[in-house]
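Reading through the structure tokens given below for one structure.
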Amino acid sequence: SNWVSGTVPTTLNSLTALQLLDLSANQLSGTVAALPSTMARIDLSRNRLSGTLSPTLFASNALKTVLMNDMFLSGTLPWLGNQLETLSVARNRLVGSANVLESSPLLETLILSSNYLSCNIPDLENATRLGEGNFLDPIPTALVVELSSFT
């Protein structure tokens, strides 16, 4: 945390060698700008960023980790691609179906708590941590997870 304020520069998209971006725990505002397709890890958590998650954000085959919790994101979860291993979007204002998770076979860590999402629990055979949430179906018995609570 450096208490950086302002917006995420749109010029980040031109940094084609950028693989890791950690701007977490700052005072950034505005929307999530387009990011280079070379990104492997993005951490924008604990900022004042708002708006929706763009499907183009997840289009990169290199992207493995997205940490965007504790912000003001809204809208629905877009298609996440099939390469994502970690997704944390807890404590935002996301709504709707999270069934797009079924297209993420490599997903190991998924944290969706404190949003307004609904979904059937997909068969995430690689998952080790799912966090907490309200789910419609029982958890598949083949899925071994650590769960802090289900309400």
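For the structure tokens, the naming scheme is as follows: chains receive sequential letters (A, B, ...) according to their order of presentation, residues are indexed from 1 within each chain, and ligands are indexed from 1 in presentation order.
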
Kindly provide the residues of segment 91-125 of chain A that approach segment 57-71 of chain A to within 9 Å, each paired with its closest atom pair and their distance in Å to one decimal, based on only C-alpha atoms, listed by chain and increasing number, as JSON lines.
```
{"residue": "A:Arg91", "atom": "CA", "partner": "A:Asp70", "partner_atom": "CA", "distance": 4.9}
{"residue": "A:Asn92", "atom": "CA", "partner": "A:Met71", "partner_atom": "CA", "distance": 5.5}
{"residue": "A:Arg93", "atom": "CA", "partner": "A:Met71", "partner_atom": "CA", "distance": 8.3}
{"residue": "A:Leu107", "atom": "CA", "partner": "A:Lys64", "partner_atom": "CA", "distance": 8.8}
{"residue": "A:Ile111", "atom": "CA", "partner": "A:Asn69", "partner_atom": "CA", "distance": 8.5}
{"residue": "A:Leu112", "atom": "CA", "partner": "A:Asn69", "partner_atom": "CA", "distance": 8.6}
```

With only C-alpha atoms as the atoms that count, which of A:Ser88, A:Ser74, A:Thr38, A:Asn47 lies nearest to Leu12 of chain A?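 The shortest atom-to-atom distance to Leu12 of chain A comes from A:Thr38.
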
Given only C-alpha atoms as the basis, pick out the residue of A:Ser114, A:Thr10, A:Ser50, A:Thr86 nearest to Pro36 of chain A.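 For Pro36 of chain A, the nearest of the candidates is A:Thr10.
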
Env of Leu21 of chain A: 7 Å cut, atoms = only C-alpha atoms, seq-sep filter 5 positions within chain, self excluded. Answer as a compact mmCIF listing (two decimals) with N, CA, C and O atoms, in the first residue's frame.
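Output contents, as saved in part.txt:
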```
# COMPACT_ATOMS: atom_id res chain seq x y z
N ARG A 41 -0.63 -12.32 -13.69
CA ARG A 41 -1.19 -12.06 -12.37
C ARG A 41 -1.60 -10.59 -12.27
O ARG A 41 -0.80 -9.70 -12.56
N ILE A 42 -2.84 -10.38 -11.82
CA ILE A 42 -3.37 -9.03 -11.62
C ILE A 42 -3.90 -8.93 -10.21
O ILE A 42 -4.74 -9.74 -9.80
N ASP A 43 -3.42 -7.96 -9.45
CA ASP A 43 -3.96 -7.71 -8.11
C ASP A 43 -4.31 -6.23 -8.01
O ASP A 43 -3.43 -5.37 -7.87
```

Using DSSP on the backbone coordinates, identify the residues of segment 35-87 of chain A assigned to strand (DSSP E or B); present them as a compact mmCIF listing (two decimals) with C-alpha atoms, in the first residue's frame.
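Generated output (states.txt):
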```txt
# COMPACT_ATOMS: atom_id res chain seq x y z
CA ARG A 41 -1.19 -12.06 -12.37
CA ILE A 42 -3.37 -9.03 -11.62
CA ASP A 43 -3.96 -7.71 -8.11
CA ARG A 48 -12.06 2.16 -5.09
CA LEU A 49 -12.35 0.79 -8.62
CA SER A 50 -15.86 0.31 -9.99
CA GLY A 51 -17.65 -0.76 -13.15
CA THR A 65 -4.45 -15.12 -11.07
CA VAL A 66 -7.00 -12.31 -10.71
CA LEU A 67 -7.41 -10.62 -7.32
CA PHE A 72 -17.04 -1.64 -6.10
CA LEU A 73 -17.31 -3.93 -9.13
CA SER A 74 -20.81 -4.54 -10.45
CA GLY A 75 -22.51 -6.50 -13.19
CA THR A 86 -7.15 -18.20 -8.85
CA LEU A 87 -10.09 -15.79 -8.80
```

Point-to-point distance from atom CA of Ser14 of chain A to atom CA of Thr56 of chain A, Å rounded to tenths: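 Calculated distance between atom CA of Ser14 of chain A and atom CA of Thr56 of chain A is 14.8 Å.
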
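Here atom CA of Leu44 of chain A stands at a distance of 14.8 Å from atom CA of Leu18 of chain A.
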
I need the residue nearest Leu84 of chain A from this list: A:Ser104, A:Asn99, A:Asn26, A:Ser45. Use only C-alpha atoms for the distance.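 Looking at the shortest contact to Leu84 of chain A, the residue is A:Ser104.
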
How many Å lie between atom CA of Pro9 of chain A and atom CA of Ser29 of chain A, rounded to one decimal?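 Atom-to-atom, atom CA of Pro9 of chain A and atom CA of Ser29 of chain A are spaced 10.7 Å apart.
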
Considering only C-alpha atoms, state which residue in the set A:Val4, A:Val95, A:Leu80, A:Ala40 is at the smallest distance from Ser24 of chain A.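 Closest to Ser24 of chain A, using only C-alpha atoms: A:Val4.
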
Using only C-alpha atoms, which of A:Leu15, A:Leu53, A:Leu101, A:Gln83 sits nearest Leu35 of chain A? A:Leu15

Minimum-distance residue to Gln19 of chain A, chosen among A:Met39, A:Ala34, A:Leu77, A:Leu117 (using only C-alpha atoms): A:Met39
